[in-house]
Amino acid sequence: MKNLAATNDLKPALDWLDLDGITKTAWLAQLSPINVRAQAAVLSAANGRSVRQVLNAWVALGYLPAARLPLVMAAQSPDEVAS
Amino acid sequence: VTLLATWGAAQALAELAAENQALRARVAALLWNRQLNCPRREAIEDAWAGLDHDAYALLFFDLDGLNAANYAYGYAGVGERIASVWDGLRANLRAGDIHGQWLGGDEFLIAVPHADAAPLAARVQALLQLVELSASRVIVAAAPDLAATVGAAELAMKAARCGARGEGRRGVLVDLRERSKELGSA
């Protein structure tokens, strides 16, 4: 229940992405793991949540297949490498 | 002698400052596309590092039917139309926002705080309509890596356009993913 509440809480924050008709599911399916992570990282910082929480919410909302999570979590953004 | 030396040093400093100012003006001119009345890609790349990425969204737009528009209005005519759109948009931009030409004469981007992105997208479409142009546009999150952010926007736009052309969105998406893997970016 706690996770579900967190997801519902995050949904509006994730939904401002406006992809001109394409679904978030289709969009995320095209992005490489590192780019999925980069997009999640921005939304996480903007909403005071961890990247993992944003990705979990995307999975719970059906935007991202759970099977991609390990790949995305393993991907490191250039920003993270630099720091 | 001391007075003369001081005067000489002051004059040298003034000349240096004038030279510096002229150089800055030349760089600024190089970073500005006069025909389209907006900053060039290099200016966007320079400004991106200073952006508060967490708070910003990228509005990416791509003019529809540029070839047909060039044929109808001529290159200069299309340039004037785009320049007038930027004139109209500038009043809606805040200090710190980033805008400009990305690629060629038909891909442009604007980085603004999240809340401003959707209203600004509507404003862009309205201004384009006034000059009989239109554009596809997407809004994504602004990540520190500019190329990755634009890449995320371009992929969404390509997929939306493929779907709009009725080629079967799902099939095309699979192709794009395979293509990404071929390029080693997946």
# chains A, B, ... in the order shown; residues from 1 in each chain; ligands from 1
>>> interface_residues(of="chain A", to="chain B", cutoff="6 Å", atoms="only C-alpha atoms", output="number ranges by chain")
A: 17-20, 22, 27, 30, 32, 39, 42, 45-46
>>> write_last_selection(atoms="all heavy atoms", output="tab-separated table (two decimals), in the first residue's frame")
chain	number	residue	atom	x	y	z
A	17	LEU	N	5.55	15.26	-18.70
A	17	LEU	CA	6.23	14.97	-19.97
A	17	LEU	C	5.16	14.88	-21.06
A	17	LEU	O	4.18	14.17	-20.92
A	17	LEU	CB	6.97	13.63	-19.87
A	17	LEU	CG	8.12	13.57	-18.88
A	17	LEU	CD1	8.54	12.14	-18.63
A	17	LEU	CD2	9.30	14.37	-19.39
A	18	ASP	N	5.35	15.64	-22.12
A	18	ASP	CA	4.34	15.71	-23.18
A	18	ASP	C	4.99	15.25	-24.48
A	18	ASP	O	5.85	15.93	-25.03
A	18	ASP	CB	3.88	17.17	-23.29
A	18	ASP	CG	2.91	17.38	-24.43
A	18	ASP	OD1	2.66	16.43	-25.20
A	18	ASP	OD2	2.40	18.50	-24.57
A	19	LEU	N	4.60	14.07	-24.92
A	19	LEU	CA	5.33	13.44	-26.02
A	19	LEU	C	4.55	13.45	-27.33
A	19	LEU	O	4.74	12.60	-28.19
A	19	LEU	CB	5.71	12.01	-25.62
A	19	LEU	CG	6.50	11.94	-24.31
A	19	LEU	CD1	6.65	10.51	-23.83
A	19	LEU	CD2	7.86	12.58	-24.46
A	20	ASP	N	3.67	14.42	-27.48
A	20	ASP	CA	2.96	14.63	-28.74
A	20	ASP	C	2.26	13.38	-29.24
A	20	ASP	O	2.40	13.01	-30.41
A	20	ASP	CB	3.94	15.16	-29.80
A	20	ASP	CG	3.20	15.87	-30.93
A	20	ASP	OD1	2.06	16.28	-30.71
A	20	ASP	OD2	3.77	16.00	-32.02
A	22	ILE	N	2.63	10.14	-28.51
A	22	ILE	CA	3.24	8.82	-28.25
A	22	ILE	C	3.13	8.52	-26.76
A	22	ILE	O	3.24	9.44	-25.93
A	22	ILE	CB	4.71	8.80	-28.72
A	22	ILE	CG1	5.29	7.40	-28.52
A	22	ILE	CG2	5.56	9.81	-28.01
A	22	ILE	CD1	6.69	7.25	-29.08
A	27	TRP	N	7.71	5.47	-25.65
A	27	TRP	CA	8.88	6.35	-25.62
A	27	TRP	C	10.03	5.70	-24.84
A	27	TRP	O	11.16	5.63	-25.31
A	27	TRP	CB	8.48	7.69	-24.99
A	27	TRP	CG	9.58	8.67	-24.79
A	27	TRP	CD1	10.35	9.24	-25.76
A	27	TRP	CD2	10.02	9.22	-23.55
A	27	TRP	NE1	11.25	10.11	-25.20
A	27	TRP	CE2	11.06	10.12	-23.85
A	27	TRP	CE3	9.62	9.05	-22.22
A	27	TRP	CZ2	11.71	10.84	-22.85
A	27	TRP	CZ3	10.27	9.79	-21.24
A	27	TRP	CH2	11.29	10.66	-21.55
A	30	GLN	N	11.99	2.97	-26.46
A	30	GLN	CA	13.00	3.34	-27.46
A	30	GLN	C	14.29	3.84	-26.84
A	30	GLN	O	15.33	3.81	-27.47
A	30	GLN	CB	12.49	4.50	-28.32
A	30	GLN	CG	11.30	4.22	-29.13
A	30	GLN	CD	10.83	5.53	-29.72
A	30	GLN	OE1	11.39	6.01	-30.69
A	30	GLN	NE2	9.86	6.13	-29.10
A	32	SER	N	17.63	4.21	-24.71
A	32	SER	CA	18.65	3.31	-24.17
A	32	SER	C	18.57	3.38	-22.64
A	32	SER	O	18.08	4.37	-22.08
A	32	SER	CB	20.03	3.73	-24.66
A	32	SER	OG	20.33	5.02	-24.16
A	39	GLN	N	16.51	10.55	-17.75
A	39	GLN	CA	15.19	11.17	-17.63
A	39	GLN	C	14.61	10.95	-16.22
A	39	GLN	O	14.04	11.86	-15.62
A	39	GLN	CB	14.24	10.60	-18.69
A	39	GLN	CG	14.57	11.06	-20.12
A	39	GLN	CD	14.28	12.54	-20.34
A	39	GLN	OE1	13.21	13.02	-20.05
A	39	GLN	NE2	15.26	13.27	-20.85
A	42	VAL	N	16.29	13.28	-13.61
A	42	VAL	CA	15.77	14.65	-13.57
A	42	VAL	C	14.47	14.70	-12.78
A	42	VAL	O	14.28	15.55	-11.91
A	42	VAL	CB	15.53	15.17	-15.00
A	42	VAL	CG1	14.78	16.49	-14.96
A	42	VAL	CG2	16.86	15.34	-15.72
A	45	ALA	N	15.12	14.27	-9.02
A	45	ALA	CA	15.63	15.47	-8.36
A	45	ALA	C	14.54	16.52	-8.23
A	45	ALA	O	14.43	17.19	-7.21
A	45	ALA	CB	16.80	16.03	-9.17
A	46	ALA	N	13.71	16.63	-9.26
A	46	ALA	CA	12.66	17.64	-9.25
A	46	ALA	C	11.59	17.34	-8.21
A	46	ALA	O	10.91	18.25	-7.73
A	46	ALA	CB	12.02	17.74	-10.63
>>> residues_around(residues="segment 55-71 of chain A", least_positions_apart="4", cutoff="7 Å", atoms="only C-alpha atoms", output="list in words")
Thr7, Lys24, Thr25, Leu28, Pro33, Ala40, Val51 and Ala75 of chain A
>>> select_by_dssp(residues="chain A", states="alpha helix (DSSP H)", output="VMD selection string")
chain A and resid 2 to 14 24 to 30 33 to 47 51 to 60 69 to 74 78 to 82
>>> atom_distance(atom1="atom CA of Ala91 of chain B", atom2="atom CA of Phe61 of chain B")
18.5 Å
>>> select_by_dssp(residues="segment 52-116 of chain B", states="strand (DSSP E)", output="list in words")
Tyr56, Ala57, Leu58, Leu59, Phe60, Phe61, Asp62, Leu63, Ile98, His99, Gly100, Gln101, Trp102, Leu103, Glu107, Phe108, Leu109, Ile110, Ala111, Val112 and Pro113 of chain B
>>> closest_residue(among="B:Ala83, B:Ala14, B:Ile44, B:Leu51", to="Gly105 of chain B", atoms="only C-alpha atoms")
B:Ala83
>>> residues_around(residues="Glu107 of chain B", least_positions_apart="2", cutoff="6 Å", atoms="only C-alpha atoms", output="PDB file with N, CA, C and O atoms, in the first residue's frame")
ATOM      1  N   PHE B  61      10.993  21.427 -30.944  1.00  0.00           N
ATOM      2  CA  PHE B  61      10.044  21.427 -32.048  1.00  0.00           C
ATOM      3  C   PHE B  61      10.716  21.408 -33.418  1.00  0.00           C
ATOM      4  O   PHE B  61      11.834  21.873 -33.595  1.00  0.00           O
ATOM      5  N   ASP B  62      10.013  20.813 -34.322  1.00  0.00           N
ATOM      6  CA  ASP B  62      10.531  20.536 -35.658  1.00  0.00           C
ATOM      7  C   ASP B  62       9.468  20.997 -36.657  1.00  0.00           C
ATOM      8  O   ASP B  62       8.330  20.525 -36.622  1.00  0.00           O
ATOM      9  N   TRP B 102      18.487  24.400 -33.329  1.00  0.00           N
ATOM     10  CA  TRP B 102      19.277  23.199 -33.042  1.00  0.00           C
ATOM     11  C   TRP B 102      19.964  22.694 -34.304  1.00  0.00           C
ATOM     12  O   TRP B 102      21.162  22.708 -34.435  1.00  0.00           O
ATOM     13  N   LEU B 103      19.191  22.259 -35.276  1.00  0.00           N
ATOM     14  CA  LEU B 103      19.766  21.742 -36.518  1.00  0.00           C
ATOM     15  C   LEU B 103      19.087  22.384 -37.718  1.00  0.00           C
ATOM     16  O   LEU B 103      17.880  22.549 -37.724  1.00  0.00           O
TER      17      LEU B 103
END
